[in-house]
file input-v6.cif (mmCIF, N, CA and C atoms)
data_my_file
loop_
_atom_site.label_atom_id
_atom_site.label_comp_id
_atom_site.auth_asym_id
_atom_site.auth_seq_id
_atom_site.Cartn_x
_atom_site.Cartn_y
_atom_site.Cartn_z
N MET Z 1 0.84 -1.18 0.00
CA MET Z 1 0.00 0.00 0.00
C MET Z 1 0.89 1.24 0.00
N LYS Z 2 0.57 2.19 -0.84
CA LYS Z 2 1.34 3.43 -0.96
C LYS Z 2 1.00 4.36 0.19
N ARG Z 3 2.01 4.92 0.82
CA ARG Z 3 1.80 5.83 1.95
C ARG Z 3 1.90 7.27 1.46
N ASN Z 4 1.05 8.13 2.02
CA ASN Z 4 1.11 9.53 1.62
C ASN Z 4 2.20 10.26 2.41
N ASN Z 5 2.44 11.51 2.08
CA ASN Z 5 3.51 12.28 2.72
C ASN Z 5 3.32 12.42 4.22
N LEU Z 6 2.09 12.58 4.69
CA LEU Z 6 1.84 12.70 6.12
C LEU Z 6 2.27 11.44 6.84
N GLU Z 7 1.94 10.30 6.28
CA GLU Z 7 2.28 9.04 6.91
C GLU Z 7 3.79 8.82 6.94
N LYS Z 8 4.51 9.33 5.97
CA LYS Z 8 5.96 9.18 5.95
C LYS Z 8 6.61 9.94 7.09
N ASP Z 9 6.02 11.07 7.48
CA ASP Z 9 6.59 11.93 8.51
C ASP Z 9 6.17 11.52 9.93
N LEU Z 10 5.18 10.65 10.06
CA LEU Z 10 4.65 10.29 11.37
C LEU Z 10 5.02 8.87 11.75
N ALA Z 11 5.11 8.65 13.04
CA ALA Z 11 5.32 7.29 13.55
C ALA Z 11 4.01 6.52 13.38
N PRO Z 12 4.07 5.18 13.37
CA PRO Z 12 2.85 4.39 13.18
C PRO Z 12 1.73 4.74 14.16
N ASN Z 13 2.05 5.01 15.41
CA ASN Z 13 1.02 5.37 16.38
C ASN Z 13 0.39 6.72 16.04
N ASP Z 14 1.20 7.63 15.54
CA ASP Z 14 0.67 8.95 15.15
C ASP Z 14 -0.29 8.83 13.98
N VAL Z 15 0.02 7.95 13.05
CA VAL Z 15 -0.88 7.73 11.91
C VAL Z 15 -2.20 7.18 12.40
N LEU Z 16 -2.17 6.24 13.32
CA LEU Z 16 -3.39 5.67 13.88
C LEU Z 16 -4.22 6.73 14.59
N ILE Z 17 -3.56 7.58 15.35
CA ILE Z 17 -4.26 8.65 16.06
C ILE Z 17 -4.94 9.60 15.07
N GLU Z 18 -4.25 9.95 14.00
CA GLU Z 18 -4.84 10.84 12.99
C GLU Z 18 -6.04 10.18 12.31
N GLU Z 19 -5.96 8.89 12.06
CA GLU Z 19 -7.10 8.18 11.46
C GLU Z 19 -8.29 8.15 12.41
N ILE Z 20 -8.02 7.95 13.69
CA ILE Z 20 -9.10 7.94 14.69
C ILE Z 20 -9.74 9.32 14.78
N ARG Z 21 -8.93 10.37 14.74
CA ARG Z 21 -9.48 11.74 14.76
C ARG Z 21 -10.36 11.99 13.54
N ALA Z 22 -9.94 11.49 12.39
CA ALA Z 22 -10.74 11.67 11.17
C ALA Z 22 -12.08 10.95 11.29
N VAL Z 23 -12.07 9.75 11.84
CA VAL Z 23 -13.31 8.99 12.04
C VAL Z 23 -14.21 9.73 13.02
N LYS Z 24 -13.62 10.28 14.08
CA LYS Z 24 -14.38 11.05 15.06
C LYS Z 24 -15.07 12.23 14.40
N MET Z 25 -14.36 12.94 13.52
CA MET Z 25 -14.95 14.08 12.83
C MET Z 25 -16.12 13.65 11.94
N VAL Z 26 -15.96 12.53 11.26
CA VAL Z 26 -17.04 12.02 10.41
C VAL Z 26 -18.26 11.68 11.26
N LEU Z 27 -18.05 11.06 12.40
CA LEU Z 27 -19.16 10.70 13.28
C LEU Z 27 -19.85 11.95 13.84
N ILE Z 28 -19.07 12.96 14.17
CA ILE Z 28 -19.65 14.22 14.64
C ILE Z 28 -20.51 14.85 13.55
N LEU Z 29 -19.96 14.91 12.34
CA LEU Z 29 -20.72 15.48 11.22
C LEU Z 29 -21.98 14.68 10.94
N ASN Z 30 -21.89 13.38 11.04
CA ASN Z 30 -23.06 12.53 10.83
C ASN Z 30 -24.14 12.81 11.88
N ALA Z 31 -23.73 12.93 13.13
CA ALA Z 31 -24.70 13.23 14.19
C ALA Z 31 -25.38 14.57 13.94
N LEU Z 32 -24.59 15.57 13.54
CA LEU Z 32 -25.18 16.88 13.25
C LEU Z 32 -26.10 16.81 12.04
N ALA Z 33 -25.70 16.06 11.02
CA ALA Z 33 -26.52 15.93 9.81
C ALA Z 33 -27.82 15.19 10.08
N LEU Z 34 -27.80 14.32 11.08
CA LEU Z 34 -29.02 13.60 11.45
C LEU Z 34 -29.95 14.43 12.32
N GLY Z 35 -29.47 15.63 12.70
CA GLY Z 35 -30.32 16.54 13.45
C GLY Z 35 -30.01 16.65 14.93
N CYS Z 36 -28.97 16.00 15.41
CA CYS Z 36 -28.58 16.15 16.82
C CYS Z 36 -28.11 17.57 17.06
N GLN Z 37 -28.48 18.11 18.19
CA GLN Z 37 -28.04 19.45 18.52
C GLN Z 37 -26.56 19.44 18.89
N GLN Z 38 -25.87 20.50 18.54
CA GLN Z 38 -24.44 20.60 18.79
C GLN Z 38 -24.13 20.44 20.28
N LYS Z 39 -24.96 21.01 21.14
CA LYS Z 39 -24.69 20.91 22.57
C LYS Z 39 -24.81 19.47 23.06
N HIS Z 40 -25.69 18.68 22.43
CA HIS Z 40 -25.83 17.28 22.82
C HIS Z 40 -24.64 16.45 22.33
N VAL Z 41 -24.17 16.74 21.14
CA VAL Z 41 -22.98 16.05 20.62
C VAL Z 41 -21.78 16.39 21.50
N ALA Z 42 -21.64 17.65 21.86
CA ALA Z 42 -20.53 18.08 22.72
C ALA Z 42 -20.60 17.37 24.07
N ALA Z 43 -21.79 17.29 24.64
CA ALA Z 43 -21.95 16.62 25.93
C ALA Z 43 -21.58 15.14 25.83
N ALA Z 44 -21.97 14.50 24.74
CA ALA Z 44 -21.64 13.08 24.55
C ALA Z 44 -20.13 12.87 24.44
N LEU Z 45 -19.43 13.86 23.89
CA LEU Z 45 -17.98 13.78 23.76
C LEU Z 45 -17.25 14.23 25.03
N GLY Z 46 -17.99 14.83 25.95
CA GLY Z 46 -17.37 15.31 27.18
C GLY Z 46 -16.60 16.60 26.99
N VAL Z 47 -17.02 17.40 26.00
CA VAL Z 47 -16.39 18.69 25.75
C VAL Z 47 -17.46 19.77 25.78
N SER Z 48 -17.03 21.01 25.85
CA SER Z 48 -17.99 22.11 25.84
C SER Z 48 -18.49 22.35 24.41
N ASP Z 49 -19.59 23.05 24.33
CA ASP Z 49 -20.14 23.43 23.03
C ASP Z 49 -19.14 24.29 22.26
N ALA Z 50 -18.43 25.16 22.98
CA ALA Z 50 -17.43 26.02 22.35
C ALA Z 50 -16.27 25.21 21.77
N THR Z 51 -15.86 24.18 22.50
CA THR Z 51 -14.77 23.33 22.01
C THR Z 51 -15.18 22.63 20.73
N LEU Z 52 -16.40 22.12 20.70
CA LEU Z 52 -16.89 21.47 19.49
C LEU Z 52 -16.96 22.47 18.34
N SER Z 53 -17.37 23.69 18.62
CA SER Z 53 -17.44 24.71 17.58
C SER Z 53 -16.08 24.99 16.98
N ARG Z 54 -15.04 24.97 17.80
CA ARG Z 54 -13.69 25.25 17.31
C ARG Z 54 -13.13 24.13 16.43
N MET Z 55 -13.77 22.97 16.44
CA MET Z 55 -13.30 21.85 15.62
C MET Z 55 -13.61 22.07 14.14
N PHE Z 56 -14.51 22.98 13.84
CA PHE Z 56 -14.95 23.21 12.47
C PHE Z 56 -14.83 24.69 12.12
N PRO Z 57 -14.82 25.01 10.82
CA PRO Z 57 -14.81 26.43 10.43
C PRO Z 57 -16.06 27.13 10.97
N LYS Z 58 -15.96 28.43 11.16
CA LYS Z 58 -17.05 29.21 11.73
C LYS Z 58 -18.35 28.99 10.95
N GLY Z 59 -19.41 28.67 11.66
CA GLY Z 59 -20.73 28.49 11.07
C GLY Z 59 -20.96 27.15 10.41
N PHE Z 60 -19.96 26.29 10.38
CA PHE Z 60 -20.06 25.01 9.67
C PHE Z 60 -21.11 24.10 10.31
N ALA Z 61 -21.07 23.96 11.63
CA ALA Z 61 -22.02 23.09 12.32
C ALA Z 61 -23.46 23.58 12.11
N LYS Z 62 -23.65 24.89 12.12
CA LYS Z 62 -24.98 25.44 11.90
C LYS Z 62 -25.48 25.12 10.49
N GLU Z 63 -24.58 25.19 9.51
CA GLU Z 63 -24.97 24.87 8.14
C GLU Z 63 -25.36 23.39 8.02
N ILE Z 64 -24.62 22.53 8.67
CA ILE Z 64 -24.95 21.10 8.66
C ILE Z 64 -26.34 20.89 9.27
N SER Z 65 -26.61 21.59 10.37
CA SER Z 65 -27.92 21.48 11.02
C SER Z 65 -29.03 21.99 10.12
N LYS Z 66 -28.78 23.07 9.39
CA LYS Z 66 -29.78 23.60 8.47
C LYS Z 66 -30.10 22.58 7.38
N ILE Z 67 -29.06 21.94 6.87
CA ILE Z 67 -29.27 20.92 5.84
C ILE Z 67 -30.11 19.78 6.40
N ALA Z 68 -29.83 19.38 7.62
CA ALA Z 68 -30.60 18.31 8.25
C ALA Z 68 -32.06 18.72 8.42
N ASN Z 69 -32.29 19.97 8.82
CA ASN Z 69 -33.66 20.45 8.99
C ASN Z 69 -34.41 20.48 7.67
N ARG Z 70 -33.72 20.91 6.61
CA ARG Z 70 -34.36 20.93 5.28
C ARG Z 70 -34.69 19.52 4.82
N ARG Z 71 -33.75 18.61 5.07
CA ARG Z 71 -33.96 17.22 4.65
C ARG Z 71 -35.16 16.62 5.38
N SER Z 72 -35.26 16.84 6.69
CA SER Z 72 -36.37 16.28 7.45
C SER Z 72 -37.70 16.91 7.08
N ALA Z 73 -37.67 18.18 6.66
CA ALA Z 73 -38.90 18.86 6.26
C ALA Z 73 -39.42 18.34 4.92
N THR Z 74 -38.54 17.85 4.07
CA THR Z 74 -38.97 17.38 2.75
C THR Z 74 -39.27 15.88 2.72
N GLU Z 75 -38.83 15.14 3.74
CA GLU Z 75 -39.11 13.71 3.76
C GLU Z 75 -40.54 13.46 4.20
N PRO Z 76 -41.21 12.50 3.57
CA PRO Z 76 -42.57 12.17 4.00
C PRO Z 76 -42.56 11.49 5.37
N GLU Z 77 -43.61 11.74 6.14
CA GLU Z 77 -43.69 11.14 7.46
C GLU Z 77 -43.98 9.65 7.33
N SER Z 78 -43.34 8.86 8.19
CA SER Z 78 -43.58 7.42 8.16
C SER Z 78 -44.86 7.10 8.92
N VAL Z 79 -45.51 6.03 8.51
CA VAL Z 79 -46.78 5.64 9.12
C VAL Z 79 -46.57 4.64 10.20
#
call {"tool": "encode", "arguments": {"input": "input-v6.cif", "output": "structure tokens"}}
result
Amino acid sequence: MKRNNLEKDLAPNDVLIEEIRAVKMVLILNALALGCQQKHVAAALGVSDATLSRMFPKGFAKEISKIANRRSATEPESV
């Protein structure tokens, strides 16, 4: 398997840590996209709402939430 430049500069444990951080970010984005409130995601992670906000560019979490709200508004209700 070909390694990228980041992996060449990092020890094997550092590469694993970076991959885990990437997975964590995807899971956070998924929770926000599903409509979870940012404060609830932050609480589940054991961090403050402000800390979670700093993980993303300004306004990014709010935009994800807006997309989730639009998606839920257009989906038909289940019976």
call {"tool": "resolve_selection", "arguments": {"input": "input-v6.cif", "expression": "the PyMOL selection byres ((chain Z and resi 35) around 8)", "output": "MDAnalysis selection string"}}
result
chainID Z and resid 29:34 36:38 64:69
call {"tool": "select_by_dssp", "arguments": {"input": "input-v6.cif", "residues": "chain Z", "states": "alpha helix (DSSP H)", "output": "PyMOL selection string"}}
result
chain Z and resi 5-9+12-33+38-45+49-54+60-74
call {"tool": "atom_distance", "arguments": {"input": "input-v6.cif", "atom1": "CA of Pro57 in chain Z", "atom2": "CA of Ile20 in chain Z"}}
result
19.8 Å
call {"tool": "atom_distance", "arguments": {"input": "input-v6.cif", "atom1": "CA of Asn13 in chain Z", "atom2": "CA of Val41 in chain Z"}}
result
26.6 Å
call {"tool": "atom_distance", "arguments": {"input": "input-v6.cif", "atom1": "CA of Ile28 in chain Z", "atom2": "CA of Ala43 in chain Z"}}
result
11.8 Å
call {"tool": "decode", "arguments": {"input": "input-v6.cif", "residues": "range 20-65 of chain Z", "atoms": "N, CA and C atoms", "output": "PDB file, in the first residue's frame"}}
result
ATOM      1  N   ILE Z  20      -8.024   7.946  13.694  1.00  0.00           N
ATOM      2  CA  ILE Z  20      -9.102   7.939  14.693  1.00  0.00           C
ATOM      3  C   ILE Z  20      -9.742   9.320  14.785  1.00  0.00           C
ATOM      4  N   ARG Z  21      -8.932  10.373  14.736  1.00  0.00           N
ATOM      5  CA  ARG Z  21      -9.476  11.737  14.757  1.00  0.00           C
ATOM      6  C   ARG Z  21     -10.361  11.989  13.537  1.00  0.00           C
ATOM      7  N   ALA Z  22      -9.940  11.488  12.388  1.00  0.00           N
ATOM      8  CA  ALA Z  22     -10.739  11.665  11.166  1.00  0.00           C
ATOM      9  C   ALA Z  22     -12.078  10.946  11.293  1.00  0.00           C
ATOM     10  N   VAL Z  23     -12.068   9.748  11.839  1.00  0.00           N
ATOM     11  CA  VAL Z  23     -13.308   8.994  12.039  1.00  0.00           C
ATOM     12  C   VAL Z  23     -14.210   9.734  13.025  1.00  0.00           C
ATOM     13  N   LYS Z  24     -13.617  10.276  14.078  1.00  0.00           N
ATOM     14  CA  LYS Z  24     -14.379  11.047  15.065  1.00  0.00           C
ATOM     15  C   LYS Z  24     -15.073  12.232  14.395  1.00  0.00           C
ATOM     16  N   MET Z  25     -14.364  12.937  13.520  1.00  0.00           N
ATOM     17  CA  MET Z  25     -14.953  14.084  12.835  1.00  0.00           C
ATOM     18  C   MET Z  25     -16.120  13.653  11.941  1.00  0.00           C
ATOM     19  N   VAL Z  26     -15.965  12.529  11.264  1.00  0.00           N
ATOM     20  CA  VAL Z  26     -17.041  12.024  10.410  1.00  0.00           C
ATOM     21  C   VAL Z  26     -18.264  11.675  11.257  1.00  0.00           C
ATOM     22  N   LEU Z  27     -18.052  11.057  12.401  1.00  0.00           N
ATOM     23  CA  LEU Z  27     -19.164  10.701  13.279  1.00  0.00           C
ATOM     24  C   LEU Z  27     -19.853  11.947  13.840  1.00  0.00           C
ATOM     25  N   ILE Z  28     -19.071  12.962  14.169  1.00  0.00           N
ATOM     26  CA  ILE Z  28     -19.655  14.222  14.644  1.00  0.00           C
ATOM     27  C   ILE Z  28     -20.505  14.853  13.545  1.00  0.00           C
ATOM     28  N   LEU Z  29     -19.961  14.912  12.339  1.00  0.00           N
ATOM     29  CA  LEU Z  29     -20.716  15.479  11.215  1.00  0.00           C
ATOM     30  C   LEU Z  29     -21.984  14.683  10.944  1.00  0.00           C
ATOM     31  N   ASN Z  30     -21.893  13.379  11.038  1.00  0.00           N
ATOM     32  CA  ASN Z  30     -23.061  12.529  10.826  1.00  0.00           C
ATOM     33  C   ASN Z  30     -24.137  12.815  11.877  1.00  0.00           C
ATOM     34  N   ALA Z  31     -23.734  12.934  13.133  1.00  0.00           N
ATOM     35  CA  ALA Z  31     -24.701  13.231  14.192  1.00  0.00           C
ATOM     36  C   ALA Z  31     -25.378  14.569  13.944  1.00  0.00           C
ATOM     37  N   LEU Z  32     -24.593  15.567  13.544  1.00  0.00           N
ATOM     38  CA  LEU Z  32     -25.176  16.880  13.248  1.00  0.00           C
ATOM     39  C   LEU Z  32     -26.101  16.812  12.035  1.00  0.00           C
ATOM     40  N   ALA Z  33     -25.701  16.057  11.024  1.00  0.00           N
ATOM     41  CA  ALA Z  33     -26.517  15.931   9.811  1.00  0.00           C
ATOM     42  C   ALA Z  33     -27.816  15.188  10.085  1.00  0.00           C
ATOM     43  N   LEU Z  34     -27.803  14.322  11.084  1.00  0.00           N
ATOM     44  CA  LEU Z  34     -29.024  13.601  11.449  1.00  0.00           C
ATOM     45  C   LEU Z  34     -29.950  14.434  12.323  1.00  0.00           C
ATOM     46  N   GLY Z  35     -29.472  15.627  12.699  1.00  0.00           N
ATOM     47  CA  GLY Z  35     -30.324  16.538  13.451  1.00  0.00           C
ATOM     48  C   GLY Z  35     -30.014  16.648  14.931  1.00  0.00           C
ATOM     49  N   CYS Z  36     -28.972  15.995  15.407  1.00  0.00           N
ATOM     50  CA  CYS Z  36     -28.584  16.145  16.817  1.00  0.00           C
ATOM     51  C   CYS Z  36     -28.113  17.568  17.061  1.00  0.00           C
ATOM     52  N   GLN Z  37     -28.476  18.107  18.190  1.00  0.00           N
ATOM     53  CA  GLN Z  37     -28.035  19.453  18.522  1.00  0.00           C
ATOM     54  C   GLN Z  37     -26.560  19.437  18.892  1.00  0.00           C
ATOM     55  N   GLN Z  38     -25.874  20.503  18.535  1.00  0.00           N
ATOM     56  CA  GLN Z  38     -24.441  20.600  18.791  1.00  0.00           C
ATOM     57  C   GLN Z  38     -24.134  20.437  20.276  1.00  0.00           C
ATOM     58  N   LYS Z  39     -24.956  21.010  21.137  1.00  0.00           N
ATOM     59  CA  LYS Z  39     -24.690  20.913  22.573  1.00  0.00           C
ATOM     60  C   LYS Z  39     -24.812  19.472  23.058  1.00  0.00           C
ATOM     61  N   HIS Z  40     -25.689  18.677  22.428  1.00  0.00           N
ATOM     62  CA  HIS Z  40     -25.826  17.277  22.817  1.00  0.00           C
ATOM     63  C   HIS Z  40     -24.641  16.447  22.332  1.00  0.00           C
ATOM     64  N   VAL Z  41     -24.165  16.736  21.140  1.00  0.00           N
ATOM     65  CA  VAL Z  41     -22.981  16.051  20.619  1.00  0.00           C
ATOM     66  C   VAL Z  41     -21.783  16.385  21.502  1.00  0.00           C
ATOM     67  N   ALA Z  42     -21.640  17.654  21.861  1.00  0.00           N
ATOM     68  CA  ALA Z  42     -20.529  18.078  22.719  1.00  0.00           C
ATOM     69  C   ALA Z  42     -20.599  17.366  24.068  1.00  0.00           C
ATOM     70  N   ALA Z  43     -21.791  17.290  24.636  1.00  0.00           N
ATOM     71  CA  ALA Z  43     -21.950  16.623  25.927  1.00  0.00           C
ATOM     72  C   ALA Z  43     -21.581  15.144  25.832  1.00  0.00           C
ATOM     73  N   ALA Z  44     -21.968  14.496  24.736  1.00  0.00           N
ATOM     74  CA  ALA Z  44     -21.638  13.079  24.549  1.00  0.00           C
ATOM     75  C   ALA Z  44     -20.127  12.874  24.441  1.00  0.00           C
ATOM     76  N   LEU Z  45     -19.430  13.859  23.890  1.00  0.00           N
ATOM     77  CA  LEU Z  45     -17.975  13.777  23.760  1.00  0.00           C
ATOM     78  C   LEU Z  45     -17.255  14.226  25.030  1.00  0.00           C
ATOM     79  N   GLY Z  46     -17.988  14.825  25.954  1.00  0.00           N
ATOM     80  CA  GLY Z  46     -17.372  15.315  27.180  1.00  0.00           C
ATOM     81  C   GLY Z  46     -16.602  16.601  26.991  1.00  0.00           C
ATOM     82  N   VAL Z  47     -17.023  17.396  26.003  1.00  0.00           N
ATOM     83  CA  VAL Z  47     -16.391  18.691  25.753  1.00  0.00           C
ATOM     84  C   VAL Z  47     -17.460  19.767  25.781  1.00  0.00           C
ATOM     85  N   SER Z  48     -17.027  21.013  25.846  1.00  0.00           N
ATOM     86  CA  SER Z  48     -17.995  22.108  25.835  1.00  0.00           C
ATOM     87  C   SER Z  48     -18.487  22.352  24.406  1.00  0.00           C
ATOM     88  N   ASP Z  49     -19.589  23.046  24.329  1.00  0.00           N
ATOM     89  CA  ASP Z  49     -20.145  23.432  23.026  1.00  0.00           C
ATOM     90  C   ASP Z  49     -19.136  24.290  22.259  1.00  0.00           C
ATOM     91  N   ALA Z  50     -18.435  25.156  22.978  1.00  0.00           N
ATOM     92  CA  ALA Z  50     -17.429  26.024  22.350  1.00  0.00           C
ATOM     93  C   ALA Z  50     -16.273  25.207  21.774  1.00  0.00           C
ATOM     94  N   THR Z  51     -15.855  24.177  22.503  1.00  0.00           N
ATOM     95  CA  THR Z  51     -14.766  23.327  22.015  1.00  0.00           C
ATOM     96  C   THR Z  51     -15.180  22.628  20.730  1.00  0.00           C
ATOM     97  N   LEU Z  52     -16.401  22.124  20.705  1.00  0.00           N
ATOM     98  CA  LEU Z  52     -16.891  21.471  19.491  1.00  0.00           C
ATOM     99  C   LEU Z  52     -16.959  22.474  18.341  1.00  0.00           C
ATOM    100  N   SER Z  53     -17.371  23.686  18.621  1.00  0.00           N
ATOM    101  CA  SER Z  53     -17.444  24.715  17.583  1.00  0.00           C
ATOM    102  C   SER Z  53     -16.077  24.995  16.976  1.00  0.00           C
ATOM    103  N   ARG Z  54     -15.042  24.967  17.797  1.00  0.00           N
ATOM    104  CA  ARG Z  54     -13.693  25.255  17.306  1.00  0.00           C
ATOM    105  C   ARG Z  54     -13.132  24.127  16.431  1.00  0.00           C
ATOM    106  N   MET Z  55     -13.772  22.973  16.438  1.00  0.00           N
ATOM    107  CA  MET Z  55     -13.301  21.853  15.617  1.00  0.00           C
ATOM    108  C   MET Z  55     -13.608  22.066  14.138  1.00  0.00           C
ATOM    109  N   PHE Z  56     -14.513  22.982  13.841  1.00  0.00           N
ATOM    110  CA  PHE Z  56     -14.953  23.215  12.472  1.00  0.00           C
ATOM    111  C   PHE Z  56     -14.828  24.692  12.125  1.00  0.00           C
ATOM    112  N   PRO Z  57     -14.819  25.011  10.825  1.00  0.00           N
ATOM    113  CA  PRO Z  57     -14.814  26.430  10.434  1.00  0.00           C
ATOM    114  C   PRO Z  57     -16.062  27.133  10.975  1.00  0.00           C
ATOM    115  N   LYS Z  58     -15.956  28.426  11.161  1.00  0.00           N
ATOM    116  CA  LYS Z  58     -17.051  29.207  11.734  1.00  0.00           C
ATOM    117  C   LYS Z  58     -18.354  28.995  10.953  1.00  0.00           C
ATOM    118  N   GLY Z  59     -19.414  28.667  11.664  1.00  0.00           N
ATOM    119  CA  GLY Z  59     -20.728  28.490  11.072  1.00  0.00           C
ATOM    120  C   GLY Z  59     -20.961  27.148  10.410  1.00  0.00           C
ATOM    121  N   PHE Z  60     -19.958  26.295  10.384  1.00  0.00           N
ATOM    122  CA  PHE Z  60     -20.061  25.014   9.669  1.00  0.00           C
ATOM    123  C   PHE Z  60     -21.105  24.100  10.312  1.00  0.00           C
ATOM    124  N   ALA Z  61     -21.066  23.965  11.628  1.00  0.00           N
ATOM    125  CA  ALA Z  61     -22.021  23.087  12.325  1.00  0.00           C
ATOM    126  C   ALA Z  61     -23.457  23.579  12.115  1.00  0.00           C
ATOM    127  N   LYS Z  62     -23.645  24.891  12.120  1.00  0.00           N
ATOM    128  CA  LYS Z  62     -24.985  25.435  11.898  1.00  0.00           C
ATOM    129  C   LYS Z  62     -25.477  25.118  10.493  1.00  0.00           C
ATOM    130  N   GLU Z  63     -24.585  25.190   9.512  1.00  0.00           N
ATOM    131  CA  GLU Z  63     -24.967  24.866   8.140  1.00  0.00           C
ATOM    132  C   GLU Z  63     -25.363  23.389   8.016  1.00  0.00           C
ATOM    133  N   ILE Z  64     -24.615  22.527   8.668  1.00  0.00           N
ATOM    134  CA  ILE Z  64     -24.955  21.100   8.656  1.00  0.00           C
ATOM    135  C   ILE Z  64     -26.338  20.891   9.268  1.00  0.00           C
ATOM    136  N   SER Z  65     -26.612  21.585  10.368  1.00  0.00           N
ATOM    137  CA  SER Z  65     -27.917  21.480  11.018  1.00  0.00           C
ATOM    138  C   SER Z  65     -29.034  21.988  10.116  1.00  0.00           C
TER     139      SER Z  65
END
